[in-house]
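First the structure, in the form of structure tokens, and then the observations on it.
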Amino acid sequence: MTDERPAPAASTARPLGPSSRSQVPDFQVMTILGRVAELRAAGADVVSLCAGEPGGGAPTAVNARAAEVHASGRALNYTPTLGIAPLRQAIAAHYGRWYGLDVDPARVAVTTGSSGAFMLGFLAAFNPGDRVAMARPGYAAYRNILAALGCQVVELDAGPAVRFQPTPALLEEAEAVHGPLAGLILASPNNPTGTMATRQEMAALARWCSGRGVRLVSDEIYHGVTYGSSSTAGDGAAGGDAAGVVRGVCAGEYSAEALVISSFSKYWGMPGWRIGWMLMPEDLAPAVSGLSGSVSLCPPAAAQYAAVEAFTEQSYVECDVQVAGFARARALVLENQGRLGWTDAAPANGAFYFWAKPGEAMLARYGTSTAYCEALLERAHVALTPGTDFDTAHGEEYVRLSFAAGERDVAEAIERIVAFQQDSSPGAE
């Protein structure tokens, strides 16, 4: 008996696959961390200076509160979309303490890390096709999130002459070439360079943005991780607290239209707690609230309850002690720059990164910073990050060393790097 059923029609379904908006490059530092884990699992003693992860952990009071919350057996249900009231109030009070700003807690949105704040902020502020400027070198996630949302990323070639920070002149040039901008991403202290905007520079950028209807997005997650005091910052490099300690310039001091983003990850040493926040401009608050309810429902509940304790006097003291440790590690790197032979280094005034070229001999030997970092990890078991995550034009000439791991690890890494480079020098083999 023959089968007389008609042959199936040719399929008209489109091929399945990932969206075009998802085609952003991998974050190289996460790949390196994966390799570090593999080497350690195999028994290797790896010194990892590739990630911006403080080694000291959360303040004592935060850990104690988290233990209480989990031991209580209470249900950790959804919280209000923009965060619990005590935490929003504590964050608002923090702006009075460090910057002298009177912030309405209603303007504070607690988010799932600063990454959640960037996603919500960018969604609320920009439309597909909008041009948004950022300095190059700069944090890769800005570029990747904006590209995934359909925005046009306009990179400003902010090199040593402008201390790796954007300027009104660079913005004017960008608009002349690319057309009107919708936004500017400013990071001070900057990742990967550690450079900071002065008060005069922040004021000038805020004026420029306000005068042209450009949304200023200020990444301030490294505030507090800075080196120096207001008495030594002769150009008014940053705002200082009552003790005269430089913390950073808050964009909110100069613009009510700025979207200010921060986090507990760096100064408070809580990257894995996934708690950040934003100060919402009044016109964006309804959009952020609506989006947050759909994108994340709420930030992690237990982390919110514990994070309230980050703003106690003792917590500030403990965090400042940790920053003093970063300062000692930073001093070690600066003191040994000559031994390392690294050149074209950024000032590293804040954050915990050292951005430099690994020297002509190493680049001649390995060709790229990526190859140099791979060889250093495999042979000397020191993990650094090549500059490609941060600079799409010159990244293969630079490396980023994170001294967040502390003085001991940095000291050990320096000795290993020096020995590795000596073994890699011409005539060493």
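Ligands are numbered from 1 in the order shown, residues from 1 within each chain, and chains are lettered A, B, ... in the order they appear in the structure tokens.
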If you run DSSP on the backbone here, which positions in stretch 96-221 of chain A get helix (DSSP H, G or I)? Please write them as number ranges by chain. A: 96-99, 105-107, 113-125, 140-148, 160-162, 168-178, 199-212
Within 12 Å of A:Ser19, counting only C-alpha atoms, which residues show up once you throw out same-chain ones fewer than 4 positions away? Write them as a PDB file with C-alpha atoms, in the first residue's frame, please.
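Output file out26.pdb follows:
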```
ATOM      1  CA  PRO A  15      16.420  30.014  11.313  1.00  0.00           C
ATOM      2  CA  GLN A  23      26.493  39.870  19.852  1.00  0.00           C
ATOM      3  CA  VAL A  24      28.770  41.651  22.279  1.00  0.00           C
ATOM      4  CA  ALA A 148      22.655  45.507  23.276  1.00  0.00           C
ATOM      5  CA  LEU A 149      19.970  48.148  23.823  1.00  0.00           C
ATOM      6  CA  GLY A 150      20.430  49.451  20.288  1.00  0.00           C
TER       7      GLY A 150
END
```
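The closest residue to A:Phe164, picked from A:Ala135, A:Ala327, A:Ala85, A:Val110 and counting only C-alpha atoms, is A:Ala135.
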Using only C-alpha atoms, which of the listed residues (A:Pro281, A:Pro86, A:Gly359, A:Gly129) sits closest to A:Ala256?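 Ranked by minimum distance to A:Ala256, first place goes to A:Pro281.
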Compile a residue-level contact table for stretch 315-405 of chain A against stretch 61-75 of chain A at a cut-off of 12 Å, reporting for every qualifying residue the shortest atom pair and its distance in Å to one decimal, with only C-alpha atoms counted, rows ordered by chain and ascending number, as CSV.
```
residue,atom,partner,partner_atom,distance
A:Ser315,CA,A:Ala61,CA,6.8
A:Tyr316,CA,A:Ala61,CA,10.5
A:Val317,CA,A:Ala61,CA,11.5
A:Glu318,CA,A:Ala61,CA,9.9
A:Cys319,CA,A:Ala61,CA,11.6
```
Atom pair atom CA of A:Gly224 / atom CA of A:Gln322: separation (Å): 10.5 Å
Contacts of A:Arg207 at 9 Å (only C-alpha atoms; same-chain gap of 5+ positions) as a PyMOL selection string: chain A and resi 202+212+254-255
Can you spit out the residues from that selection as a PDB file, in the first residue's frame, using all heavy atoms?
```
ATOM      1  N   MET A 202      34.220  68.456  36.423  1.00  0.00           N
ATOM      2  CA  MET A 202      32.848  67.971  36.599  1.00  0.00           C
ATOM      3  C   MET A 202      31.843  69.085  36.320  1.00  0.00           C
ATOM      4  O   MET A 202      30.827  68.869  35.630  1.00  0.00           O
ATOM      5  CB  MET A 202      32.650  67.440  38.015  1.00  0.00           C
ATOM      6  CG  MET A 202      31.231  66.935  38.296  1.00  0.00           C
ATOM      7  SD  MET A 202      30.754  65.473  37.359  1.00  0.00           S
ATOM      8  CE  MET A 202      31.538  64.195  38.369  1.00  0.00           C
ATOM      9  N   ARG A 212      22.931  71.227  26.307  1.00  0.00           N
ATOM     10  CA  ARG A 212      22.620  70.571  25.034  1.00  0.00           C
ATOM     11  C   ARG A 212      21.582  69.462  25.164  1.00  0.00           C
ATOM     12  O   ARG A 212      21.347  68.722  24.212  1.00  0.00           O
ATOM     13  CB  ARG A 212      23.903  70.015  24.413  1.00  0.00           C
ATOM     14  CG  ARG A 212      24.811  71.121  23.877  1.00  0.00           C
ATOM     15  CD  ARG A 212      26.214  70.598  23.644  1.00  0.00           C
ATOM     16  NE  ARG A 212      27.050  71.618  23.030  1.00  0.00           N
ATOM     17  CZ  ARG A 212      27.572  72.652  23.676  1.00  0.00           C
ATOM     18  NH1 ARG A 212      27.329  72.806  24.965  1.00  0.00           N
ATOM     19  NH2 ARG A 212      28.335  73.529  23.046  1.00  0.00           N
ATOM     20  N   TYR A 254      26.332  69.181  40.899  1.00  0.00           N
ATOM     21  CA  TYR A 254      26.352  70.139  39.794  1.00  0.00           C
ATOM     22  C   TYR A 254      25.173  70.005  38.841  1.00  0.00           C
ATOM     23  O   TYR A 254      24.963  70.875  38.007  1.00  0.00           O
ATOM     24  CB  TYR A 254      27.666  69.987  39.000  1.00  0.00           C
ATOM     25  CG  TYR A 254      28.867  70.351  39.827  1.00  0.00           C
ATOM     26  CD1 TYR A 254      29.588  69.378  40.503  1.00  0.00           C
ATOM     27  CD2 TYR A 254      29.260  71.677  39.978  1.00  0.00           C
ATOM     28  CE1 TYR A 254      30.677  69.707  41.298  1.00  0.00           C
ATOM     29  CE2 TYR A 254      30.345  72.023  40.764  1.00  0.00           C
ATOM     30  CZ  TYR A 254      31.046  71.037  41.422  1.00  0.00           C
ATOM     31  OH  TYR A 254      32.113  71.371  42.214  1.00  0.00           O
ATOM     32  N   SER A 255      24.428  68.915  38.948  1.00  0.00           N
ATOM     33  CA  SER A 255      23.322  68.721  38.017  1.00  0.00           C
ATOM     34  C   SER A 255      22.218  67.890  38.650  1.00  0.00           C
ATOM     35  O   SER A 255      22.460  66.753  39.086  1.00  0.00           O
ATOM     36  CB  SER A 255      23.815  68.017  36.739  1.00  0.00           C
ATOM     37  OG  SER A 255      22.724  67.667  35.909  1.00  0.00           O
TER      38      SER A 255
END
```
What is the atom CA of A:Gln421-atom CA of A:Ala375 distance in Å, reported with one decimal? 10.3 Å
Neighbours of A:Ala324 within 9 Å (only C-alpha atoms; same-chain residues fewer than 4 positions away dropped), as a list in words? Val225, Tyr227, Cys319, Asp320, Arg328 and Ala329 of chain A
Export of prior selection with N, CA and C atoms as a PDB file, in the first residue's frame:
```
ATOM      1  N   VAL A 225      37.447  55.094  47.452  1.00  0.00           N
ATOM      2  CA  VAL A 225      38.697  54.383  47.187  1.00  0.00           C
ATOM      3  C   VAL A 225      39.606  55.348  46.433  1.00  0.00           C
ATOM      4  N   TYR A 227      43.137  58.330  46.935  1.00  0.00           N
ATOM      5  CA  TYR A 227      44.422  58.453  47.614  1.00  0.00           C
ATOM      6  C   TYR A 227      44.824  59.919  47.687  1.00  0.00           C
ATOM      7  N   CYS A 319      36.093  50.366  56.553  1.00  0.00           N
ATOM      8  CA  CYS A 319      36.313  50.550  55.111  1.00  0.00           C
ATOM      9  C   CYS A 319      37.521  51.443  54.851  1.00  0.00           C
ATOM     10  N   ASP A 320      37.687  52.480  55.660  1.00  0.00           N
ATOM     11  CA  ASP A 320      38.848  53.344  55.486  1.00  0.00           C
ATOM     12  C   ASP A 320      40.149  52.599  55.780  1.00  0.00           C
ATOM     13  N   ARG A 328      48.728  51.117  50.381  1.00  0.00           N
ATOM     14  CA  ARG A 328      50.050  50.493  50.535  1.00  0.00           C
ATOM     15  C   ARG A 328      50.382  49.606  49.334  1.00  0.00           C
ATOM     16  N   ALA A 329      49.380  48.872  48.850  1.00  0.00           N
ATOM     17  CA  ALA A 329      49.603  48.038  47.668  1.00  0.00           C
ATOM     18  C   ALA A 329      49.903  48.909  46.449  1.00  0.00           C
TER      19      ALA A 329
END
```
Can you list, as a CSV table (one decimal) with N, CA and C atoms, in the first residue's frame, every protein, DNA or RNA residue that comes within 8 Å of stretch 405-407 of chain A when you count only C-alpha atoms, leaving out same-chain residues fewer than 3 positions away?
```csv
chain,number,residue,atom,x,y,z
A,48,SER,N,46.2,36.3,41.6
A,48,SER,CA,45.2,36.9,40.7
A,48,SER,C,45.1,38.4,41.0
A,49,LEU,N,45.6,39.2,40.0
A,49,LEU,CA,45.4,40.6,40.1
A,49,LEU,C,44.7,41.1,38.9
A,53,GLU,N,38.2,43.0,42.8
A,53,GLU,CA,37.5,42.4,43.9
A,53,GLU,C,38.3,42.7,45.2
A,54,PRO,N,37.8,43.6,46.1
A,54,PRO,CA,38.5,43.8,47.3
A,54,PRO,C,38.6,42.5,48.1
A,55,GLY,N,39.7,42.4,48.8
A,55,GLY,CA,39.9,41.1,49.5
A,55,GLY,C,39.5,41.1,51.0
A,325,GLY,N,44.9,49.9,53.1
A,325,GLY,CA,45.6,48.8,52.6
A,325,GLY,C,45.8,48.8,51.1
A,326,PHE,N,44.8,49.3,50.4
A,326,PHE,CA,44.9,49.5,49.0
A,326,PHE,C,46.0,50.5,48.7
A,328,ARG,N,48.7,51.1,50.4
A,328,ARG,CA,50.0,50.5,50.5
A,328,ARG,C,50.4,49.6,49.3
A,329,ALA,N,49.4,48.9,48.8
A,329,ALA,CA,49.6,48.0,47.7
A,329,ALA,C,49.9,48.9,46.4
A,332,LEU,N,53.5,50.1,46.5
A,332,LEU,CA,54.4,49.1,46.1
A,332,LEU,C,54.5,49.0,44.6
A,402,SER,N,45.3,44.9,39.0
A,402,SER,CA,44.4,45.3,40.1
A,402,SER,C,45.1,45.0,41.4
A,410,VAL,N,50.3,41.6,46.0
A,410,VAL,CA,50.9,42.5,45.0
A,410,VAL,C,52.5,42.3,45.1
A,411,ALA,N,53.0,42.2,46.3
A,411,ALA,CA,54.5,42.1,46.4
A,411,ALA,C,54.9,40.8,45.8
```
Residue with smallest distance to A:Arg365 - pool A:Asp423, A:Glu415, A:Glu313, A:Asp130, counting only C-alpha atoms: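 Of all the options, A:Asp423 lies closest to A:Arg365.
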Give me the residues within 10 Å of A:Ala197 as a CSV table (one decimal) with all heavy atoms, in the first residue's frame, counting only C-alpha atoms and dropping any in the same chain fewer than 2 places off.
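Output contents, as saved in around-v4.csv:
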```
chain,number,residue,atom,x,y,z
A,163,ARG,N,44.3,63.2,30.8
A,163,ARG,CA,44.2,62.3,32.0
A,163,ARG,C,43.1,61.2,31.8
A,163,ARG,O,42.5,60.9,32.8
A,163,ARG,CB,44.0,63.1,33.3
A,163,ARG,CG,45.2,63.9,33.6
A,163,ARG,CD,45.1,64.9,34.8
A,163,ARG,NE,44.1,64.5,35.8
A,163,ARG,CZ,42.8,64.8,35.8
A,163,ARG,NH1,42.3,65.7,34.9
A,163,ARG,NH2,42.0,64.4,36.8
A,164,PHE,N,42.9,60.8,30.6
A,164,PHE,CA,42.0,59.7,30.3
A,164,PHE,C,40.5,60.0,30.7
A,164,PHE,O,39.7,59.1,31.0
A,164,PHE,CB,42.4,58.4,31.0
A,164,PHE,CG,43.8,58.0,30.6
A,164,PHE,CD1,44.9,58.3,31.4
A,164,PHE,CD2,44.0,57.2,29.5
A,164,PHE,CE1,46.2,57.9,31.1
A,164,PHE,CE2,45.3,56.8,29.1
A,164,PHE,CZ,46.4,57.2,29.9
A,165,GLN,N,40.2,61.3,30.8
A,165,GLN,CA,38.8,61.7,31.1
A,165,GLN,C,38.2,62.5,30.0
A,165,GLN,O,38.9,63.2,29.2
A,165,GLN,CB,38.8,62.6,32.4
A,165,GLN,CG,39.2,61.9,33.7
A,165,GLN,CD,38.0,61.0,34.2
A,165,GLN,OE1,36.9,61.2,33.8
A,165,GLN,NE2,38.3,60.1,35.0
A,166,PRO,N,36.9,62.4,29.8
A,166,PRO,CA,36.2,63.2,28.7
A,166,PRO,C,36.3,64.7,29.0
A,166,PRO,O,36.4,65.1,30.2
A,166,PRO,CB,34.8,62.7,28.8
A,166,PRO,CG,34.6,62.2,30.2
A,166,PRO,CD,35.9,61.7,30.6
A,167,THR,N,36.3,65.5,28.0
A,167,THR,CA,36.3,67.0,28.1
A,167,THR,C,35.2,67.5,27.1
A,167,THR,O,34.8,66.9,26.2
A,167,THR,CB,37.6,67.5,27.7
A,167,THR,OG1,37.9,67.3,26.3
A,167,THR,CG2,38.8,66.9,28.5
A,186,LEU,N,30.3,59.1,32.4
A,186,LEU,CA,31.5,59.6,33.1
A,186,LEU,C,31.8,58.7,34.3
A,186,LEU,O,30.9,58.4,35.1
A,186,LEU,CB,31.3,61.0,33.6
A,186,LEU,CG,32.3,61.6,34.5
A,186,LEU,CD1,33.6,61.8,33.7
A,186,LEU,CD2,31.9,62.9,35.2
A,187,ALA,N,33.1,58.2,34.3
A,187,ALA,CA,33.5,57.4,35.5
A,187,ALA,C,34.6,58.1,36.2
A,187,ALA,O,35.7,58.3,35.6
A,187,ALA,CB,33.9,56.0,35.0
A,188,SER,N,34.4,58.4,37.4
A,188,SER,CA,35.5,59.0,38.2
A,188,SER,C,35.4,58.6,39.7
A,188,SER,O,34.4,58.9,40.3
A,188,SER,CB,35.3,60.6,38.1
A,188,SER,OG,36.2,61.2,39.0
A,189,PRO,N,36.4,57.8,40.2
A,189,PRO,CA,37.5,57.3,39.5
A,189,PRO,C,37.2,56.4,38.4
A,189,PRO,O,36.2,55.7,38.4
A,189,PRO,CB,38.3,56.6,40.6
A,189,PRO,CG,37.8,57.2,41.9
A,189,PRO,CD,36.4,57.5,41.6
A,190,ASN,N,38.1,56.4,37.4
A,190,ASN,CA,37.8,55.6,36.2
A,190,ASN,C,38.4,54.2,36.3
A,190,ASN,O,39.4,54.0,36.9
A,190,ASN,CB,38.5,56.3,35.0
A,190,ASN,CG,38.5,55.5,33.7
A,190,ASN,OD1,39.4,54.8,33.4
A,190,ASN,ND2,37.5,55.7,32.9
A,195,THR,N,42.0,57.5,37.1
A,195,THR,CA,42.0,58.9,37.1
A,195,THR,C,40.6,59.5,37.5
A,195,THR,O,39.6,58.8,37.5
A,195,THR,CB,42.3,59.5,35.7
A,195,THR,OG1,41.3,59.0,34.7
A,195,THR,CG2,43.7,59.0,35.2
A,199,ARG,N,36.9,69.1,40.4
A,199,ARG,CA,35.6,69.9,40.5
A,199,ARG,C,35.4,70.7,39.3
A,199,ARG,O,34.2,70.8,38.8
A,199,ARG,CB,35.7,70.8,41.8
A,199,ARG,CG,35.5,70.0,43.1
A,199,ARG,CD,35.1,70.9,44.2
A,199,ARG,NE,34.7,70.1,45.4
A,199,ARG,CZ,33.5,69.5,45.5
A,199,ARG,NH1,32.6,69.7,44.5
A,199,ARG,NH2,33.2,68.8,46.5
A,200,GLN,N,36.4,71.4,38.8
A,200,GLN,CA,36.2,72.3,37.7
A,200,GLN,C,35.8,71.4,36.5
A,200,GLN,O,34.9,71.9,35.7
A,200,GLN,CB,37.5,73.0,37.4
A,200,GLN,CG,37.9,74.0,38.4
A,200,GLN,CD,38.7,73.4,39.6
A,200,GLN,OE1,38.7,72.2,39.7
A,200,GLN,NE2,39.2,74.3,40.4
A,201,GLU,N,36.4,70.3,36.3
A,201,GLU,CA,36.0,69.4,35.1
A,201,GLU,C,34.6,68.9,35.2
A,201,GLU,O,33.9,68.8,34.2
A,201,GLU,CB,37.1,68.3,35.0
A,201,GLU,CG,38.4,68.7,34.6
A,201,GLU,CD,39.5,67.7,34.8
A,201,GLU,OE1,39.3,66.7,35.6
A,201,GLU,OE2,40.6,67.9,34.3
A,202,MET,N,34.2,68.5,36.4
A,202,MET,CA,32.8,68.0,36.6
A,202,MET,C,31.8,69.1,36.3
A,202,MET,O,30.8,68.9,35.6
A,202,MET,CB,32.6,67.4,38.0
A,202,MET,CG,31.2,66.9,38.3
A,202,MET,SD,30.8,65.5,37.4
A,202,MET,CE,31.5,64.2,38.4
A,203,ALA,N,32.1,70.3,36.8
A,203,ALA,CA,31.2,71.4,36.6
A,203,ALA,C,31.1,71.7,35.1
A,203,ALA,O,30.0,72.0,34.6
A,203,ALA,CB,31.7,72.6,37.4
A,205,LEU,N,31.6,69.7,32.5
A,205,LEU,CA,30.9,68.6,31.8
A,205,LEU,C,29.4,68.7,32.1
A,205,LEU,O,28.6,68.5,31.2
A,205,LEU,CB,31.4,67.3,32.2
A,205,LEU,CG,32.8,66.9,31.7
A,205,LEU,CD1,33.4,65.7,32.4
A,205,LEU,CD2,32.8,66.7,30.2
A,236,GLY,N,41.4,71.0,43.8
A,236,GLY,CA,40.1,70.6,44.2
A,236,GLY,C,39.6,69.4,43.5
A,236,GLY,O,38.5,69.3,43.0
A,237,ALA,N,40.5,68.4,43.5
A,237,ALA,CA,40.3,67.2,42.7
A,237,ALA,C,39.0,66.4,43.1
A,237,ALA,O,38.4,65.7,42.3
A,237,ALA,CB,41.5,66.2,42.8
A,238,ALA,N,38.6,66.6,44.3
A,238,ALA,CA,37.4,65.8,44.7
A,238,ALA,C,36.8,66.4,46.0
A,238,ALA,O,37.4,67.2,46.7
A,238,ALA,CB,37.8,64.4,45.0
A,248,GLY,N,35.6,61.9,46.2
A,248,GLY,CA,35.2,62.0,44.8
A,248,GLY,C,34.2,63.1,44.6
A,248,GLY,O,33.6,63.5,45.6
A,249,VAL,N,34.1,63.6,43.4
A,249,VAL,CA,33.1,64.6,43.1
A,249,VAL,C,31.8,64.0,42.7
A,249,VAL,O,31.8,63.2,41.7
A,249,VAL,CB,33.6,65.6,42.0
A,249,VAL,CG1,32.6,66.7,41.8
A,249,VAL,CG2,34.9,66.2,42.4
A,250,CYS,N,30.7,64.3,43.3
A,250,CYS,CA,29.4,63.7,42.9
A,250,CYS,C,28.8,64.6,41.9
A,250,CYS,O,28.7,65.8,42.1
A,250,CYS,CB,28.5,63.6,44.2
A,250,CYS,SG,26.8,63.0,43.8
```
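Residue nearest A:Thr111 within the list A:Ala161, A:Leu39, A:Ala147, A:Pro80: A:Pro80 [criterion: smallest interatomic distance, only C-alpha atoms].
Atom CA of A:Val154 is found 16.5 Å from atom CA of A:Trp208.
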